[in-house]
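Worksheet for the structure shown next.
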Amino acid sequence: MKVISVSSEINQLRERFFKAVFGEAEGYVCLASRTSQQFREEFFKYPEQLPQILEYVNRAYNGADVYFCPQLLTNQKRTKGFVSTCPNVWADLDECDPSVVSPEPSIVIESSKGRWQAFWILTEPADPVDAEDASHRLAYKYANYGADQSGWDLTQLLRVPMTYNLKRHEQEVVLPKRIQEDRKYLLSVFKQIPEVPGYEWVSEPFPSDAVTSLAPESILDRYRITLDPQAHVLFTQEPREDWSKALWQLEMMLLEAGMSREECFVVAQSAKCNKFARDQRPITYLWKDVCRAYSRLQAGKPRADEIAPLLTEEERNRLEMMPETFVDRYVAWAKSRGDAAWQYHEVGAMCILSSLLSGVVRLPTSFGVIVPNLWFMILADTTLTRKSTAMDMAMELLLEVEPEAVLATDGSLEGLLQSLSTRPSRPGVFWRDEFSGLLEMIRKKDYYAGMIESLTKLYDGKYQKRVLRKEIIEIRDPILIIFCGGIRTRILNIVEQEYIISGFLPRFIFVEAKSDITQYRPIGPITEVQDNRRQLLVEELQSLYDRYSSDMIVHVGDQSVSTKRSWDVTLTEGAWDRYNEFERVMVKAGLQSSNPDVFMPTLDRLSKSGLKVATLLAAANATDGDVVVTEDVLLKAISYVEGWREYSLDVVTNAGKSMSEKQLDSISAYIRKHVDGVPRSRLMQNFHLNSRETELLLQTLDQRGLARRVKDGRAERVYPV
């Protein structure tokens, strides 16, 4: 065991660290300590209480993990609303070596062997939205080098140097490797890093004075016909509790009515639910919020309620302190093996757990027994996302533990049913790398009629009997897991809305990732560390499989019969309450959406998948005795669903669109990428359009407010709106 003696040198080093991170800024510093029994946060006024900060660290570090928030707060609560300015940019680099990162960090901390945290000191404090954007860009750019993609949050907790790292059951010392107070950066340096897709709104310039001087009442009157009446209530009345939700709803209603971002900003600025005015925050914060709402709306997502966060900031803080799960360990290893998208590794780990545990672990509920079998569909845009690579890695690991886990990788419905009929109550994986081919056959081939309905029943574990010419196939207690993938555009061209309404597609968990050449990593030899980590994962899964596959002896009269044991999962009272609230929010969002017939079953089924994930996580974490889903485990599952929800909404929004509608989407997306405008001639060339087709498409985009046409001499340019 390594022991740190608290010396004046250690105190001076920590003092130097805090002064470098916070500079001359003022506010509250949040320090946190975590033991196996509790998590505590303390707040100190900086800079005058710096001695007390050092004293707290000296007192807490022995036997506890010690963290701090790198942003100063205006109040004694670690939430985004209380971050006023940011003196630094931060990154949880995790396994990413700081030597590959540009710009070079001002401060580097080795949080454990081969894991890093970094800070970039700014020449002057930055707007929190801009600083968080810089941190987000860094995390995204270096994700495939090992950086933690969730480590960019504004209230992130990072480790204090010269304390212990106890999270990995090893007492390692958090060491400062570099503190260069004079290495400071302008915030504009980080704008050179590529934007994170979906977050382009951060860079939108603030509107001119001529726009902001408009009267909000006149704007509301202009849109009175298309405006939801509830918007007037939100504009004139203060919210009773959730100000953030009220403001977001107002912004979405204004934009859905047809207002521009600038008009929406003017109205929201004078609204009673303007939380930024209440907190005396700069008006630029409100502008960023409006741009974020506009971005979500333009992306084709449903109404505001459907994209509201599923977790509170306090719950996210709790998740930061949760011990690592098998999913975390698998993703960390898989990321070190190549440049496949981390989202794919996440569902690969989930598929492994579902394949090993869904035959013996079950959740009894008032509506019946829930078996945690899961269906995953990976949607990719090109080979750079490494869809097949990620799927192969997961299945190879599974087959090493359970060689009979895979039912098929291809074949007919009868073949799949025949395989399931021979293994009642035993999970089987239908693993197909390119699922679009099967969907195409289902749609076109007569002998595949009824396959969608049959697969849906198999997911639900329903009894099936199929009468063929030469045989009768009976399936009892099926447990089917589907792990499949496909090119996003091909899948969306094939699927129809009927697949959604019938419940077939909503049973899938969809995962998407876009190719990024900056994440490309050349092939190289496997290292001993990578190989050892894989072996540890295999041993962990083998132990898990052995534990839950052990037989149980049942006495029948004078005879003893060996049978498979099943494990009933229970939820704590707090977990049930939180799940019911989570499901209510999801179902309500679907019902209030623009198309309840497709969004409601999708979000309802996704919430049920979240409960299945919580069941698997609880079973994987249990060491002995009963399997219990606590509120923390459920929150972890909800955090996964929050990410998957965006992908599911994308699929159901675009499923069943006509070819002309999809062509409009493609042209609109192309125009949005060119802020300086696109010549009409280039659109005709790139999309193989004649003059008449081009005119009709541009008229439609113009009328929908998606594009603006400007004459340039005899030519014409098209600009995004």
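Residues are referred to by chain and number: the chain letter is A, B, ... according to the order shown in the structure tokens, the number counts from 1 in that chain, and ligands are numbered separately from 1 in the order shown.
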
Query - Residues flagged alpha helix (DSSP H) by DSSP in segment 20-203 of chain A, as number ranges by chain - result: A: 20-22, 50-60, 128-141

Could you take the residues named above and write them with C-alpha atoms, as a tab-separated table (two decimals), in the first residue's frame?
chain	number	residue	atom	x	y	z
A	20	ALA	CA	-3.48	27.31	-11.70
A	21	VAL	CA	-6.94	25.85	-12.38
A	22	PHE	CA	-9.00	28.73	-10.99
A	50	LEU	CA	-8.15	28.09	0.01
A	51	PRO	CA	-6.52	27.03	3.34
A	52	GLN	CA	-9.78	25.29	4.32
A	53	ILE	CA	-9.86	23.57	0.92
A	54	LEU	CA	-6.40	22.12	1.52
A	55	GLU	CA	-7.34	21.12	5.03
A	56	TYR	CA	-10.45	19.29	3.77
A	57	VAL	CA	-8.41	17.34	1.19
A	58	ASN	CA	-5.83	16.37	3.83
A	59	ARG	CA	-8.59	15.16	6.10
A	60	ALA	CA	-10.65	13.29	3.48
A	128	PRO	CA	-19.91	28.38	-19.61
A	129	VAL	CA	-21.67	27.32	-22.82
A	130	ASP	CA	-18.55	28.12	-24.88
A	131	ALA	CA	-16.18	26.45	-22.41
A	132	GLU	CA	-18.34	23.33	-22.26
A	133	ASP	CA	-18.43	23.30	-26.06
A	134	ALA	CA	-14.61	23.37	-26.15
A	135	SER	CA	-14.46	20.47	-23.66
A	136	HIS	CA	-17.07	18.60	-25.71
A	137	ARG	CA	-15.05	19.02	-28.92
A	138	LEU	CA	-11.92	17.68	-27.23
A	139	ALA	CA	-13.76	14.66	-25.80
A	140	TYR	CA	-15.29	13.87	-29.18
A	141	LYS	CA	-12.09	14.36	-31.17

Requested in this report: Based on DSSP run over this structure's backbone, return all residues of segment 129-170 of chain A in strand (DSSP E or B), as a PyMOL selection string.
Outcome: chain A and resi 158-159+164-165

Write a file of the just-selected residues containing C-alpha atoms, as a JSON list (two decimals), in the first residue's frame.
[["chain", "number", "residue", "atom", "x", "y", "z"],
["A", 158, "LEU", "CA", -12.26, 15.28, -11.54],
["A", 159, "ARG", "CA", -9.64, 14.00, -9.13],
["A", 164, "TYR", "CA", -5.78, 8.03, -3.61],
["A", 165, "ASN", "CA", -7.65, 6.40, -6.49]]

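Remark: for Glu496 of chain A, the closest of the candidate residues A:Glu396, A:Glu512, A:Glu346, A:Glu440 is A:Glu440 (distances computed over only C-alpha atoms).
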
Report task. Give me the residues within 12 Å of Val233 of chain A as a list of chain:residue names, counting only C-alpha atoms and dropping any in the same chain fewer than 2 places off. Result -> A:Leu227, A:Asp228, A:Pro229, A:Gln230, A:Ala231, A:Phe235, A:Thr236, A:Gln237, A:Glu238, A:Pro239, A:Ala246, A:Leu247, A:Gln249, A:Leu250, A:Met253, A:Ala271, A:Lys272, A:Cys273
